[in-house]
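K.L.:
As input, take input30.cif (mmCIF, C-alpha atoms):
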data_protein
#
loop_
_atom_site.label_atom_id
_atom_site.label_comp_id
_atom_site.auth_asym_id
_atom_site.auth_seq_id
_atom_site.Cartn_x
_atom_site.Cartn_y
_atom_site.Cartn_z
CA MET A 7 77.52 -32.74 18.72
CA LEU A 8 76.45 -29.20 17.97
CA VAL A 9 76.92 -29.69 14.23
CA PHE A 10 74.99 -32.95 14.32
CA ARG A 11 72.07 -31.33 16.16
CA ILE A 12 71.87 -28.45 13.68
CA ARG A 13 71.94 -30.81 10.70
CA ALA A 14 69.31 -33.02 12.37
CA GLY A 15 67.14 -29.98 12.98
CA ARG A 16 67.38 -28.95 9.31
CA VAL A 17 66.44 -32.45 8.20
CA ALA A 18 63.46 -32.40 10.53
CA LEU A 19 62.26 -29.02 9.21
CA VAL A 20 62.61 -30.13 5.62
CA GLY A 21 60.77 -33.35 6.37
CA CYS A 22 57.99 -31.48 8.13
CA GLY A 23 57.67 -29.07 5.19
CA LEU A 24 57.44 -31.91 2.72
CA PHE A 25 54.82 -33.61 4.87
CA LEU A 26 52.65 -30.44 5.05
CA PHE A 27 53.05 -29.88 1.31
CA VAL A 28 51.84 -33.41 0.55
CA LEU A 29 48.86 -32.93 2.90
CA ALA A 30 47.94 -29.66 1.16
CA ILE A 31 48.00 -31.32 -2.26
CA LEU A 32 45.82 -34.16 -1.04
CA PHE A 33 43.35 -31.69 0.58
CA LEU A 34 43.07 -29.57 -2.59
CA ALA A 35 42.58 -32.66 -4.69
CA ALA A 36 39.82 -33.86 -2.41
CA SER A 37 38.23 -30.39 -2.34
CA LYS A 38 38.27 -30.10 -6.12
CA SER A 39 36.78 -33.53 -6.40
CA ARG A 40 34.04 -32.65 -3.90
CA VAL A 41 33.28 -29.30 -5.57
CA GLY A 42 33.25 -31.00 -8.93
CA ARG A 43 30.73 -33.55 -7.70
CA ILE A 44 28.50 -30.75 -6.30
CA LEU A 45 28.59 -28.74 -9.53
CA THR A 46 27.98 -31.83 -11.63
CA THR A 47 25.01 -32.86 -9.50
CA ALA A 48 23.57 -29.33 -9.61
CA ALA A 49 23.92 -29.22 -13.40
CA GLU A 50 22.18 -32.58 -13.71
CA ARG A 51 19.33 -31.39 -11.44
CA VAL A 52 18.87 -28.20 -13.47
CA GLU A 53 18.95 -30.15 -16.74
CA GLU A 54 16.36 -32.60 -15.43
CA GLY A 55 14.17 -29.73 -14.23
CA GLU A 56 13.92 -31.12 -10.71
CA THR A 57 15.22 -28.19 -8.65
CA LEU A 58 17.00 -24.82 -8.80
CA ARG A 59 14.20 -23.13 -10.78
CA ASP A 60 14.52 -19.76 -12.48
CA ILE A 61 12.74 -17.09 -10.39
CA THR A 62 12.22 -14.98 -13.52
CA ALA A 63 9.45 -17.37 -14.56
CA VAL A 64 7.55 -16.51 -11.38
CA ARG A 65 8.12 -12.79 -11.96
CA ARG A 66 6.80 -13.01 -15.54
CA GLU A 67 3.72 -14.89 -14.35
CA LEU A 68 3.05 -12.27 -11.66
CA GLU A 69 3.33 -9.44 -14.18
CA ASP A 70 0.76 -11.15 -16.42
CA ILE A 71 -1.57 -11.75 -13.46
CA PHE A 72 -1.48 -8.16 -12.20
CA LYS A 73 -1.95 -6.69 -15.68
CA PHE A 74 -4.96 -8.94 -16.30
CA ARG A 75 -6.47 -8.03 -12.92
CA VAL A 76 -6.16 -4.29 -13.59
CA GLN A 77 -7.83 -4.75 -16.96
CA ALA A 78 -10.67 -6.65 -15.28
CA LEU A 79 -10.97 -3.91 -12.66
CA VAL A 80 -11.39 -1.05 -15.12
CA GLU A 81 -13.49 -2.90 -17.69
CA GLY A 82 -15.65 -4.91 -15.30
CA ASP A 83 -15.04 -8.13 -17.26
CA THR A 84 -13.78 -10.68 -14.74
CA GLY A 85 -14.10 -13.68 -17.07
CA GLY A 86 -10.85 -15.57 -17.16
CA LEU A 87 -9.60 -14.43 -13.75
CA GLU A 88 -10.04 -17.90 -12.31
CA LYS A 89 -7.23 -19.29 -14.47
CA PHE A 90 -4.73 -17.39 -12.28
CA TYR A 91 -5.88 -18.87 -8.95
CA ASP A 92 -5.60 -22.18 -7.14
CA THR A 93 -9.29 -22.58 -6.33
CA SER A 94 -8.70 -25.94 -4.66
CA GLU A 95 -7.52 -23.94 -1.62
CA THR A 96 -9.85 -21.80 0.50
CA THR A 97 -7.42 -18.87 0.45
CA GLY A 98 -7.15 -19.11 -3.33
CA ARG A 99 -10.94 -18.99 -3.75
CA TRP A 100 -11.14 -16.06 -1.33
CA ALA A 101 -8.49 -14.12 -3.28
CA LEU A 102 -10.33 -14.75 -6.56
CA ASN A 103 -13.73 -13.75 -5.17
CA HIS A 104 -12.26 -10.60 -3.68
CA GLU A 105 -10.86 -9.50 -7.04
CA ILE A 106 -14.22 -10.16 -8.69
CA GLY A 107 -15.97 -8.22 -5.94
CA ARG A 108 -13.71 -5.17 -6.10
CA SER A 109 -14.09 -5.01 -9.90
CA ARG A 110 -17.86 -4.99 -9.48
CA TYR A 111 -17.53 -2.36 -6.78
CA VAL A 112 -15.55 0.03 -8.98
CA GLN A 113 -17.96 -0.44 -11.87
CA GLY A 114 -20.92 0.10 -9.55
CA TRP A 115 -19.37 3.23 -8.08
CA LEU A 116 -18.69 4.66 -11.55
CA GLY A 117 -22.18 3.74 -12.74
CA LYS A 118 -23.94 5.45 -9.83
CA ARG A 119 -22.02 8.64 -10.58
CA ASP A 120 -22.48 8.30 -14.33
CA LEU A 121 -18.72 8.14 -14.85
CA GLU A 122 -16.46 6.04 -17.04
CA VAL A 123 -12.76 5.14 -17.03
CA ALA A 124 -10.88 7.22 -19.58
CA GLY A 125 -7.45 5.68 -19.07
CA LYS A 126 -5.15 3.85 -16.70
CA LEU A 127 -1.47 3.64 -15.86
CA LEU A 128 0.12 0.75 -13.96
CA HIS A 129 3.49 0.85 -12.21
CA LEU A 130 4.37 -2.63 -10.95
CA ASN A 131 7.37 -3.37 -8.78
CA ILE A 132 8.10 -6.96 -7.74
CA VAL A 133 10.16 -6.04 -4.72
CA ASP A 134 11.32 -9.55 -3.89
CA ALA A 135 10.50 -13.17 -4.74
CA GLY A 136 11.72 -16.64 -3.87
CA PHE A 137 10.89 -20.31 -3.47
CA LYS A 138 9.49 -22.08 -0.43
CA ASP A 139 10.10 -25.47 -2.05
CA ASP A 140 9.97 -27.05 -5.51
CA GLN A 141 6.28 -26.25 -6.04
CA HIS A 142 5.70 -23.16 -3.91
CA ALA A 143 6.90 -19.59 -4.38
CA TRP A 144 6.32 -16.23 -2.72
CA ALA A 145 6.60 -12.60 -3.74
CA SER A 146 6.29 -9.08 -2.37
CA VAL A 147 4.67 -6.77 -4.94
CA ALA A 148 4.00 -3.02 -4.93
CA GLN A 149 1.29 -1.90 -7.35
CA HIS A 150 0.74 1.76 -8.22
CA LEU A 151 -2.44 2.28 -10.24
CA ILE A 152 -3.61 5.58 -11.71
CA LEU A 153 -7.21 5.70 -12.95
CA GLN A 154 -8.47 8.51 -15.17
CA TYR A 155 -12.24 9.02 -15.24
CA ARG A 156 -14.83 11.40 -16.67
CA PRO A 157 -18.61 11.73 -17.13
CA ARG A 158 -20.04 9.19 -19.57
CA ASN A 159 -20.71 10.11 -23.19
CA THR A 160 -19.07 13.54 -22.95
CA GLY A 161 -16.20 13.03 -25.37
CA GLN A 162 -13.41 15.41 -24.49
CA ALA A 163 -14.73 16.49 -21.08
CA VAL A 164 -12.22 17.35 -18.37
CA VAL A 165 -10.69 14.17 -16.98
CA SER A 166 -10.07 13.55 -13.28
CA GLU A 167 -7.61 11.04 -11.94
CA MET A 168 -7.03 9.11 -8.76
CA GLY A 169 -4.04 7.04 -7.65
CA LEU A 170 -3.88 3.93 -5.48
CA ARG A 171 -0.99 1.92 -4.08
CA THR A 172 -1.33 -1.61 -2.76
CA ILE A 173 1.41 -3.74 -1.19
CA HIS A 174 0.84 -7.46 -1.79
CA TRP A 175 2.23 -10.57 -0.12
CA VAL A 176 1.56 -13.33 -2.63
CA GLU A 177 2.01 -17.09 -2.28
CA LEU A 178 1.91 -19.25 -5.40
CA VAL A 179 1.83 -22.93 -6.31
CA GLU A 180 2.95 -24.55 -9.55
CA LYS A 181 0.32 -26.67 -11.27
CA ASN A 182 0.42 -27.87 -14.88
CA ASN A 183 3.50 -25.72 -15.58
CA ARG A 184 1.78 -22.54 -14.38
CA TRP A 185 2.15 -20.51 -11.22
CA LEU A 186 -1.22 -19.95 -9.52
CA ILE A 187 -2.11 -17.66 -6.61
CA GLN A 188 -2.88 -19.46 -3.36
CA LYS A 189 -2.82 -16.38 -1.12
CA ASP A 190 -2.83 -12.63 -1.74
CA TRP A 191 -2.80 -10.40 1.33
CA TYR A 192 -2.94 -6.60 0.98
CA TRP A 193 -4.61 -3.41 2.24
CA ASP A 194 -7.35 -2.66 -0.28
CA PRO A 195 -8.33 1.02 -0.87
CA PHE A 196 -11.77 -0.16 -2.05
CA GLU A 197 -12.35 -2.64 0.75
CA ASN A 198 -15.53 -2.71 2.75
CA GLU A 199 -17.59 -5.62 3.99
CA SER A 200 -20.11 -5.77 1.18
CA LEU A 201 -18.14 -4.26 -1.70
CA THR A 202 -21.44 -2.61 -2.66
CA PRO A 203 -21.01 1.09 -3.49
CA ASP A 204 -23.20 3.81 -2.03
CA ILE A 205 -23.50 7.33 -3.31
CA ALA A 206 -24.26 10.64 -1.63
CA PRO A 207 -27.59 12.25 -2.59
CA ARG A 208 -25.56 14.45 -4.93
CA PRO A 209 -21.87 15.09 -5.56
CA ALA A 210 -20.53 17.74 -3.22
CA GLY A 211 -19.85 21.06 -4.86
CA GLY A 212 -22.76 20.93 -7.28
CA ALA A 213 -25.59 23.00 -5.82
CA GLU A 214 -25.69 25.64 -3.12
CA THR A 215 -24.90 24.18 0.27
CA ALA A 216 -27.34 24.01 3.16
CA ARG A 217 -25.20 24.51 6.26
CA PRO A 218 -25.38 22.27 9.34
CA PRO A 219 -26.21 23.75 12.75
CA ASP A 220 -23.55 26.14 14.05
CA PRO A 221 -21.04 25.53 11.29
CA VAL A 222 -17.51 26.81 11.37
CA THR A 223 -16.92 28.84 8.24
CA PRO A 224 -13.53 29.33 6.62
CA ASP A 225 -13.49 32.91 7.96
CA SER A 226 -13.22 31.57 11.53
CA SER A 227 -9.72 30.23 10.89
CA ARG A 228 -6.86 32.14 12.53
CA GLY A 229 -4.78 31.67 9.40
CA GLN A 230 -1.63 30.25 11.00
CA TYR A 231 -2.16 26.81 9.49
CA ASN A 232 -0.31 26.59 6.16
CA ARG A 233 -2.90 24.83 4.03
CA GLU A 234 -0.98 25.04 0.77
CA ALA A 235 2.15 23.50 2.28
CA ALA A 236 0.03 20.81 3.99
CA VAL A 237 -1.49 19.80 0.66
CA ARG A 238 1.92 19.78 -1.08
CA TYR A 239 3.24 17.48 1.63
CA ALA A 240 0.21 15.19 1.34
CA GLU A 241 0.73 15.01 -2.43
CA ARG A 242 4.41 14.16 -2.21
CA TYR A 243 4.20 11.54 0.52
CA SER A 244 0.88 9.84 -0.21
CA GLY A 245 2.81 6.72 -1.19
CA VAL A 246 1.34 6.65 -4.70
CA ARG A 247 3.73 7.10 -7.62
CA MET A 248 2.19 9.98 -9.56
CA GLY A 249 5.41 11.56 -10.80
CA PRO A 250 9.14 12.06 -10.10
CA GLY A 251 9.87 11.99 -6.38
CA ASP A 252 6.52 10.40 -5.48
CA GLY A 253 5.68 6.86 -4.54
CA ARG A 254 7.11 6.62 -1.04
CA TYR A 255 6.63 7.80 2.53
CA ASN A 256 8.72 10.45 4.24
CA PRO A 257 11.76 8.50 5.55
CA ALA A 258 12.06 10.95 8.47
CA TYR A 259 9.09 9.20 10.09
CA LYS A 260 8.48 5.59 11.07
CA ASP A 261 5.99 3.59 9.01
CA PHE A 262 3.26 2.21 11.30
CA THR A 263 1.48 0.24 8.58
CA TYR A 264 2.07 -3.10 10.28
CA GLU A 265 1.48 -1.77 13.78
CA GLY A 266 -2.20 -0.98 13.34
CA GLY A 267 -2.03 1.33 10.31
CA ASP A 268 -0.25 4.50 9.19
CA CYS A 269 -3.22 6.78 8.42
CA ALA A 270 -3.10 8.86 11.62
CA ASN A 271 0.70 9.09 11.48
CA PHE A 272 0.42 10.49 7.94
CA VAL A 273 -2.29 13.03 8.81
CA SER A 274 -0.31 14.12 11.88
CA GLN A 275 2.70 14.75 9.65
CA VAL A 276 0.60 16.75 7.18
CA LEU A 277 -0.74 18.92 9.98
CA THR A 278 2.48 19.55 11.95
CA ASP A 279 5.63 19.09 9.87
CA LYS A 280 7.59 22.33 9.40
CA LYS A 281 7.46 21.79 5.64
CA ALA A 282 3.72 21.12 5.83
CA GLY A 283 0.90 22.59 7.92
CA GLY A 284 3.02 23.70 10.85
CA LEU A 285 0.47 23.17 13.64
CA PRO A 286 1.99 23.17 17.15
CA THR A 287 2.39 19.85 18.94
CA ASP A 288 2.07 19.33 22.71
CA TRP A 289 2.69 16.71 25.39
CA ASN A 290 -0.33 14.71 24.20
CA TRP A 291 0.40 14.88 20.48
CA PHE A 292 3.97 14.54 19.27
CA TYR A 293 6.46 12.29 17.48
CA SER A 294 10.00 11.65 18.71
CA ARG A 295 12.74 9.10 18.02
CA GLY A 296 10.61 6.75 15.96
CA GLU A 297 7.57 6.72 18.21
CA GLY A 298 4.39 8.76 18.43
CA THR A 299 1.84 9.32 21.16
CA ALA A 300 -1.61 7.73 20.93
CA ALA A 301 -3.01 10.95 19.47
CA TRP A 302 -0.28 10.86 16.82
CA VAL A 303 -0.75 7.27 15.62
CA GLN A 304 -4.38 6.37 16.41
CA ALA A 305 -7.22 7.71 14.28
CA GLU A 306 -9.78 8.12 17.06
CA ALA A 307 -7.33 9.68 19.49
CA LEU A 308 -6.19 12.12 16.78
CA VAL A 309 -9.73 13.29 15.97
CA HIS A 310 -10.56 13.84 19.63
CA HIS A 311 -7.29 15.67 20.23
CA LEU A 312 -7.80 18.07 17.32
CA THR A 313 -11.29 19.02 18.50
CA GLY A 314 -10.45 18.98 22.22
CA ALA A 315 -7.32 21.12 21.83
CA GLY A 316 -9.17 23.74 19.79
CA LEU A 317 -7.17 23.05 16.63
CA ALA A 318 -10.20 21.94 14.65
CA ALA A 319 -13.96 22.29 14.72
CA LEU A 320 -16.43 19.54 13.90
CA VAL A 321 -18.56 20.84 11.02
CA GLY A 322 -20.42 17.60 10.38
CA ARG A 323 -20.87 14.14 11.83
CA GLY A 324 -23.12 11.33 10.68
CA ASP A 325 -23.79 8.87 7.90
CA LEU A 326 -23.57 9.66 4.21
CA GLU A 327 -26.98 11.29 3.96
CA GLU A 328 -26.41 13.36 7.11
CA VAL A 329 -23.06 14.89 6.11
CA TRP A 330 -23.21 15.29 2.34
CA GLU A 331 -24.03 18.99 2.62
CA ALA A 332 -21.45 19.71 5.32
CA VAL A 333 -18.68 18.24 3.14
CA ASP A 334 -18.87 21.43 1.08
CA LEU A 335 -17.52 23.34 4.08
CA LEU A 336 -14.22 21.50 4.02
CA GLN A 337 -11.13 23.12 2.56
CA PRO A 338 -7.84 21.63 1.37
CA GLY A 339 -5.87 20.64 4.45
CA ASP A 340 -8.94 19.67 6.50
CA VAL A 341 -9.45 16.18 7.91
CA ILE A 342 -12.11 13.47 7.60
CA GLY A 343 -12.51 10.67 10.15
CA TYR A 344 -14.27 7.38 9.34
CA GLU A 345 -16.24 5.62 12.07
CA GLU A 346 -17.09 1.92 11.97
CA ASP A 347 -19.04 0.10 14.71
CA GLY A 348 -18.68 3.05 17.05
CA GLU A 349 -14.93 3.54 16.56
CA ILE A 350 -13.03 5.95 14.33
CA VAL A 351 -10.82 3.58 12.35
CA HIS A 352 -9.38 5.81 9.63
CA VAL A 353 -8.50 9.42 8.84
CA SER A 354 -7.68 11.17 5.57
CA VAL A 355 -6.69 14.69 4.54
CA VAL A 356 -8.68 16.79 2.06
CA VAL A 357 -6.49 17.85 -0.87
CA GLY A 358 -9.03 19.50 -3.20
CA ARG A 359 -11.86 18.65 -5.59
CA ASN A 360 -12.03 16.70 -8.80
CA ALA A 361 -13.32 18.02 -12.13
CA GLN A 362 -16.88 17.26 -11.04
CA GLY A 363 -16.53 19.29 -7.84
CA TYR A 364 -16.33 16.25 -5.55
CA VAL A 365 -14.08 16.46 -2.48
CA VAL A 366 -11.00 14.21 -2.85
CA VAL A 367 -8.57 12.99 -0.19
CA ASN A 368 -5.13 11.48 0.33
CA SER A 369 -4.36 8.87 2.97
CA HIS A 370 -2.15 5.98 4.02
CA THR A 371 -3.18 2.37 4.73
CA ALA A 372 -4.36 1.92 2.14
CA ASP A 373 -2.58 4.54 0.07
CA ARG A 374 -4.89 6.92 -1.78
CA TYR A 375 -4.19 9.96 -3.97
CA HIS A 376 -7.09 12.25 -4.96
CA VAL A 377 -9.65 9.53 -4.23
CA PRO A 378 -13.27 10.73 -3.70
CA TRP A 379 -13.74 11.11 0.04
CA ASP A 380 -16.37 8.36 0.48
CA MET A 381 -15.06 5.81 -2.03
CA GLY A 382 -14.59 2.41 -0.41
CA TRP A 383 -16.94 3.15 2.48
CA GLU A 384 -20.51 2.02 3.10
CA ARG A 385 -23.75 3.77 3.96
CA GLU A 386 -23.49 2.35 7.49
CA HIS A 387 -20.25 4.21 8.21
CA ARG A 388 -20.27 7.56 9.95
CA TYR A 389 -18.05 10.47 9.00
CA TRP A 390 -16.38 13.14 11.15
CA LEU A 391 -15.69 16.34 9.19
CA LEU A 392 -12.99 18.48 10.79
CA HIS A 393 -12.19 22.03 9.71
CA ILE A 394 -8.76 23.17 10.98
CA THR A 395 -9.26 26.48 12.75
CA TYR A 396 -5.75 27.28 14.01
#
Using the file provided, produce a representation of the structure as structure tokens.

P.N.:
Amino acid sequence: MLVFRIRAGRVALVGCGLFLFVLAILFLAASKSRVGRILTTAAERVEEGETLRDITAVRRELEDIFKFRVQALVEGDTGGLEKFYDTSETTGRWALNHEIGRSRYVQGWLGKRDLEVAGKLLHLNIVDAGFKDDQHAWASVAQHLILQYRPRNTGQAVVSEMGLRTIHWVELVEKNNRWLIQKDWYWDPFENESLTPDIAPRPAGGAETARPPDPVTPDSSRGQYNREAAVRYAERYSGVRMGPGDGRYNPAYKDFTYEGGDCANFVSQVLTDKKAGGLPTDWNWFYSRGEGTAAWVQAEALVHHLTGAGLAALVGRGDLEEVWEAVDLLQPGDVIGYEEDGEIVHVSVVVGRNAQGYVVVNSHTADRYHVPWDMGWEREHRYWLLHITY
């Protein structure tokens, strides 16, 4: 009986093994057949051009679009821009009209200052792209644009340059075998409501300055604020790619761009970081563990904290005509606040002067490098000029 049971057990095991082996073969055969059908169907769909498009076609189209737009911006010739937009959609028409408007703005700004573009450099990075469906695509694009400019008709005069970075969320539609822009959302360094440039009565730094009432002169500073280090920091982390190591924010700090804007966060870093200005923080103005106080991240709260805490003195406040003389009092490392409809909505840091003696600034949201301090703002705006006195 024992021998019979052992032999029966062996037969059962062998039979079970053979059964499992046959099942495995059948499963693999079915799987291969199923995979084969999927691959065959996919190949047929690609060959017929129905689906599974090549994303490189979208990337090439975007590169052509952005290059053409930059050319239109610096030359002022916007003819032909419409071929890149789906004007049957409201958002497409808005995107087209905005590009036309900003080109006119730049040309108007240059004309009022008797300047001309001497050169340009474009760094374009298509960060990511994909398809929403067969006819719709999307892309995230970072554009770094450096503009060189000089006085008109001066030949080899000293050239100034400014840098701008814009982050675009683009949606496209395919029509007639071309990809057209339906939406283009981004923070625009030139944006204001009218896109009509204004100009100060004269460029700052030209003639002798008439001082505002009770000004704070550079001699009143206590000298503990490291202006040179503050400017170096503002240059490196402006977000604009001007050279090796540039073109990004300091990763040690959170980016608040999509939480109301990063301009105050950037200026706070410039003023306080140990590798920058080194101003002392306090319970009302500090950054810790990825979050900042209201005075750290909000433009209006920052301006009022700097003046209220005795870290800065207000040397000018008013519209363009009221502050153009006081701007000459600002030094590299000082701060400018921009007021709109009774609220300070933006701050920038002074980093020097251009070849024409005009005060230039760096800022975040949108990202600016050595941009003239009032470029992109209107006559109706009011300016707060802060001289750091610590």

K.L.:
So that I can see what lies close to range 182-199 of chain A, please list as a VMD selection string the residues with an atom at most 7 Å from it, counting only C-alpha atoms and leaving out residues fewer than 3 positions away in the same chain.

P.N.:
chain A and resid 64 67 90 to 92 95 97 to 98 101 108 172 to 179 371 to 374 381 to 384

K.L.:
Please list as a list of chain:residue names every residue within 9 Å of Asn360 in chain A, counting only C-alpha atoms and excluding residues in the same chain fewer than 3 positions away.

P.N.:
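Those residues are A:Val165, A:Ser166, A:Glu167, A:Gly363, A:Tyr364, A:Val365, A:Val366, A:His376, A:Val377, A:Pro378.
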
K.L.:
Put those residues in a file: C-alpha atoms, as a tab-separated table (two decimals), in the coordinates of the input.

P.N.:
chain	number	residue	atom	x	y	z
A	165	VAL	CA	-10.69	14.17	-16.98
A	166	SER	CA	-10.07	13.55	-13.28
A	167	GLU	CA	-7.61	11.04	-11.94
A	363	GLY	CA	-16.53	19.29	-7.84
A	364	TYR	CA	-16.33	16.25	-5.55
A	365	VAL	CA	-14.08	16.46	-2.48
A	366	VAL	CA	-11.00	14.21	-2.85
A	376	HIS	CA	-7.09	12.25	-4.96
A	377	VAL	CA	-9.65	9.53	-4.23
A	378	PRO	CA	-13.27	10.73	-3.70

K.L.:
Evaluate the PyMOL selection byres ((chain A and resi 157) around 6) against this structure - the residues, as number ranges by chain, please.

P.N.:
A: 120-121, 156, 158

K.L.:
Write out as a list in words the residues lying within 12 Å of Lys280 in chain A, counting all atoms listed in the file and excluding same-chain residues fewer than 5 positions away.

P.N.:
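Final neighbour list, sorted by chain and number: Tyr231, Asn232, Ala235, Ala236, Tyr239, Ser274, Gln275, Leu285, Pro286 and Thr287 of chain A.
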
K.L.:
Distance CA of Tyr344 in chain A-CA of Gly229 in chain A, one decimal place?

P.N.:
26.1 Å

K.L.:
Between CA of Arg295 in chain A and CA of Val357 in chain A, what is the distance, to one decimal in Å?

P.N.:
28.3 Å

K.L.:
Between A:Ala301, A:Val353, A:Leu170, A:Val147, single out the one closest to Leu392 in chain A, counting all atoms listed in the file.

P.N.:
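Among the listed residues, the smallest separation from Leu392 in chain A belongs to A:Val353.
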
K.L.:
Identify which of the residues A:Ala63, A:Leu153, A:Val356, A:Val303 lies closest to Met248 in chain A, counting all atoms listed in the file when measuring atom-to-atom distances.

P.N.:
A:Leu153

K.L.:
Using the chain letters and numbering of this document, enumerate as a VMD selection string the residues selected by the PyMOL selection byres ((chain A and resi 313-322) around 6).

P.N.:
chain A and resid 221 310 to 312 323 329 332 391 to 396

K.L.:
Please determine an axis-aligned box that encloses all atoms of range 290-297 of chain A listed in the file, with 8 Å added on each side, and express its centre and edge lengths in Å to one decimal as JSON.

P.N.:
{"center_x": 6.2, "center_y": 10.8, "center_z": 20.1, "size_x": 29.1, "size_y": 24.2, "size_z": 24.2}

K.L.:
Have a look at CA of Asp140 in chain A and CA of Thr62 in chain A and let me know their distance in Å, one decimal.

P.N.:
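Computed distance, CA of Asp140 in chain A to CA of Thr62 in chain A, equals 14.7 Å.
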
K.L.:
With distances taken over all atoms listed in the file, which of A:Glu331, A:Asp83, A:Asp60, A:Asp268 is nearest to Val351 in chain A?

P.N.:
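Using all atoms listed in the file, the shortest distance to Val351 in chain A belongs to A:Asp268.
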
K.L.:
Got a sec to resolve the PyMOL selection byres ((chain A and resi 75) around 12) on this structure and send the residues as an MDAnalysis selection string?

P.N.:
chainID A and resid 68:74 76:91 101:102 104:109 128 149 151
